[in-house]
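In what follows, a structure is listed as C-alpha cells, so that the remarks can point back to it.
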Amino acid sequence: MIGSSTASVRINIREISPHGIVFEKKYVRAAMRILGGEVQAEARKLVARPSVSQPGDYPGKKTGRLQKAIKYQVSKPGFLVIIAPMDKTGLFKKNQFYPAFLNYGANRKRGGKLAPRANYMADALAAKSDRVRSVLRSAIEKALHAA
C-alpha cells in the first residue's frame with residue numbers, strides 16, 4: 001500500500017561541462033512505464049489465489065476486484081510511478097478504501113476484527129527490485145548520453 005513501503009532512487013549529477021548536462025527524460029519515463037507494468041503484474045499475481053485468506057497471508061481472490069484494481073500511473077514529468085489499488089477515478093476514495101483494511105486490519109461493525117494481511121504491494125516491489133535498479137540505471141545512462 002502507499003506509504004507502508006517506500007522505494008526511491010537518488011541520483012546525484014555534478015555538472016561536468018560549463019554548458020550543463022543534457023538529460024532526455026523520455027527514456028526515464030519509458031522505463032517507468034515498463035517497470036510500473038511489471039510490478040503491477042507481480043502484485044496481481046500475489047493476490048490471484050482463489051481462496052479465503054488467513055491473517056498474515058496475501059489477500060485471497062473472491063471476486064477479482066482487488067486484483068483488477070491494482071494499476072499504475074506515471075507522473076507527468078515521468079520521474080514517479082504510483083502502483084496501487086485504484087478505482088476508475090484514481091486512488092480509492094476515503095470511505096471505500098478496502099485494500100487498506102486488508103493491509104492494516106480493521107474492527108468490524110458486527111463485532112470481531114479483520115486481522116492484517118501480508119503487504120502484497122511491498123513484496124511485489126521487493127521481488128522486482130533488481131530489475132528496477134537495472135532498468136532505471138540503463139534508462140538514466142541513455143538519458144545522459146542522448147545528447
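Labels for the C-alpha cells follow display order: chains A, B, ..., residues from 1 in each chain, ligands from 1.
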Backbone DSSP call of strand (DSSP E) for segment 67-124 of chain A, listed as a VMD selection string: chain A and resid 70 to 74 81 to 87 90 to 91 106 to 107 113 to 114
Can you list, as a list of chain:residue names, every protein, DNA or RNA residue that comes within 10 Å of His145 of chain A when you count only C-alpha atoms, leaving out same-chain residues fewer than 2 positions away? A:Ile21, A:Val22, A:Phe23, A:Glu24, A:Ala139, A:Ile140, A:Glu141, A:Lys142, A:Ala143, A:Ala147
Using only C-alpha atoms, which of the listed residues (A:Gly105, A:Arg110, A:Arg133, A:Ala124) sits closest to Gln54 of chain A? A:Gly105
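For the set A:Val132, A:Ala127, A:Ile34, A:Ala100, the residue with the smallest atom-to-atom gap to Gly78 of chain A is A:Ile34, counting only C-alpha atoms.
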Just the residues within 8 Å of Lys62 of chain A, please, counting only C-alpha atoms, with nothing from its chain fewer than 4 positions along; format it as a list in words. Pro50, Ser51 and Val52 of chain A
Restricting the output to C-alpha atoms, write the selected residues as a PDB file, in the first residue's frame.
```pdb
ATOM      1  CA  PRO A  50      -8.718 -18.129  -5.283  1.00  0.00           C
ATOM      2  CA  SER A  51      -9.301 -18.803  -1.594  1.00  0.00           C
ATOM      3  CA  VAL A  52     -10.180 -17.174   1.713  1.00  0.00           C
TER       4      VAL A  52
END
```
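By only C-alpha atoms, and with residues fewer than 6 positions from Leu125 of chain A along its chain excluded, the set lying at most 9 Å from it is Ala7, Val39, Gln40, Glu42, Ala43 and Val132 of chain A.
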Once you have the residues from the selection above, write them out as an mmCIF file, in the first residue's frame, restricted to N, CA and C atoms.
```cif
data_model
loop_
_atom_site.group_PDB
_atom_site.id
_atom_site.type_symbol
_atom_site.label_atom_id
_atom_site.label_comp_id
_atom_site.auth_asym_id
_atom_site.auth_seq_id
_atom_site.Cartn_x
_atom_site.Cartn_y
_atom_site.Cartn_z
ATOM 1 N N ALA A 7 10.240 3.015 -1.820
ATOM 2 C CA ALA A 7 11.463 2.726 -2.542
ATOM 3 C C ALA A 7 11.826 3.976 -3.314
ATOM 4 N N VAL A 39 5.756 -4.418 -12.034
ATOM 5 C CA VAL A 39 5.415 -4.511 -10.609
ATOM 6 C C VAL A 39 3.911 -4.723 -10.444
ATOM 7 N N GLN A 40 3.103 -4.097 -11.301
ATOM 8 C CA GLN A 40 1.657 -4.320 -11.287
ATOM 9 C C GLN A 40 1.341 -5.796 -11.518
ATOM 10 N N GLU A 42 3.254 -8.379 -11.001
ATOM 11 C CA GLU A 42 3.705 -9.168 -9.839
ATOM 12 C C GLU A 42 2.721 -9.040 -8.681
ATOM 13 N N ALA A 43 2.242 -7.832 -8.408
ATOM 14 C CA ALA A 43 1.276 -7.629 -7.322
ATOM 15 C C ALA A 43 -0.030 -8.360 -7.613
ATOM 16 N N VAL A 132 14.243 -3.375 -11.265
ATOM 17 C CA VAL A 132 14.001 -1.934 -11.198
ATOM 18 C C VAL A 132 15.326 -1.178 -11.262
#
```
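For the residues A:Pro116, A:Ser134, A:Tyr72, A:Ala31, ranking by smallest atom-to-atom distance to Asp87 of chain A using only C-alpha atoms places A:Tyr72 first.
A straight line drawn from atom CA of Gln67 of chain A to atom CA of Leu102 of chain A is 12.9 Å long.
Residue nearest Asp123 of chain A, chosen from A:Met86, A:Leu66, A:Leu46, A:Val74 and counting only C-alpha atoms: A:Leu46.
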Can you pull out the residues contacting Pro77 of chain A? Cut-off 12 Å, using only C-alpha atoms, and skip same-chain residues under 2 positions away; I want them as a PDB file with N, CA and C atoms, in the first residue's frame.
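Here's the written file part19.pdb:
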```pdb
ATOM      1  N   GLU A  24      17.643  13.708 -21.429  1.00  0.00           N
ATOM      2  CA  GLU A  24      16.415  13.382 -22.161  1.00  0.00           C
ATOM      3  C   GLU A  24      15.521  12.522 -21.268  1.00  0.00           C
ATOM      4  N   LYS A  25      14.517  13.147 -20.659  1.00  0.00           N
ATOM      5  CA  LYS A  25      13.688  12.430 -19.694  1.00  0.00           C
ATOM      6  C   LYS A  25      12.763  11.396 -20.325  1.00  0.00           C
ATOM      7  N   LYS A  26      12.618  11.401 -21.645  1.00  0.00           N
ATOM      8  CA  LYS A  26      11.724  10.436 -22.290  1.00  0.00           C
ATOM      9  C   LYS A  26      12.182   8.995 -22.029  1.00  0.00           C
ATOM     10  N   TYR A  27      13.483   8.799 -21.859  1.00  0.00           N
ATOM     11  CA  TYR A  27      13.988   7.453 -21.584  1.00  0.00           C
ATOM     12  C   TYR A  27      13.598   6.991 -20.176  1.00  0.00           C
ATOM     13  N   VAL A  28      13.645   7.905 -19.230  1.00  0.00           N
ATOM     14  CA  VAL A  28      13.258   7.569 -17.850  1.00  0.00           C
ATOM     15  C   VAL A  28      11.756   7.331 -17.785  1.00  0.00           C
ATOM     16  N   ARG A  29      10.981   8.158 -18.461  1.00  0.00           N
ATOM     17  CA  ARG A  29       9.521   7.984 -18.478  1.00  0.00           C
ATOM     18  C   ARG A  29       9.146   6.636 -19.081  1.00  0.00           C
ATOM     19  N   ALA A  30       9.809   6.243 -20.157  1.00  0.00           N
ATOM     20  CA  ALA A  30       9.538   4.941 -20.781  1.00  0.00           C
ATOM     21  C   ALA A  30       9.894   3.809 -19.821  1.00  0.00           C
ATOM     22  N   MET A  32       9.859   3.969 -16.569  1.00  0.00           N
ATOM     23  CA  MET A  32       8.856   3.966 -15.500  1.00  0.00           C
ATOM     24  C   MET A  32       7.587   3.245 -15.953  1.00  0.00           C
ATOM     25  N   GLN A  73       0.278   4.455 -12.484  1.00  0.00           N
ATOM     26  CA  GLN A  73       0.216   5.750 -13.155  1.00  0.00           C
ATOM     27  C   GLN A  73       1.603   6.358 -13.118  1.00  0.00           C
ATOM     28  N   VAL A  74       2.057   6.864 -14.259  1.00  0.00           N
ATOM     29  CA  VAL A  74       3.328   7.572 -14.331  1.00  0.00           C
ATOM     30  C   VAL A  74       3.016   9.058 -14.235  1.00  0.00           C
ATOM     31  N   SER A  75       3.787   9.772 -13.432  1.00  0.00           N
ATOM     32  CA  SER A  75       3.569  11.208 -13.279  1.00  0.00           C
ATOM     33  C   SER A  75       3.839  11.936 -14.590  1.00  0.00           C
ATOM     34  N   PHE A  79       9.129  11.041 -13.610  1.00  0.00           N
ATOM     35  CA  PHE A  79      10.115  10.568 -12.644  1.00  0.00           C
ATOM     36  C   PHE A  79       9.488   9.835 -11.463  1.00  0.00           C
ATOM     37  N   LEU A  80       8.202   9.551 -11.534  1.00  0.00           N
ATOM     38  CA  LEU A  80       7.495   8.875 -10.452  1.00  0.00           C
ATOM     39  C   LEU A  80       6.464   7.945 -11.052  1.00  0.00           C
ATOM     40  N   VAL A  81       6.371   6.744 -10.504  1.00  0.00           N
ATOM     41  CA  VAL A  81       5.302   5.834 -10.892  1.00  0.00           C
ATOM     42  C   VAL A  81       4.607   5.389  -9.610  1.00  0.00           C
TER      43      VAL A  81
END
```
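Nearest to Lys71 of chain A of all the residues A:Met121, A:Pro55, A:Arg108, A:Lys113 is A:Met121, counting only C-alpha atoms.
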Select from segment 33-106 of chain A everything DSSP, run on the backbone, classes as helix (DSSP H, G or I), then give the selection as JSON, numbers by chain. {"A": [33, 34, 35, 36, 37, 38, 39, 40, 41, 42, 43, 44, 45, 46, 65, 66, 67, 68, 69, 94, 95, 96, 98, 99, 100, 101, 102, 103, 104]}
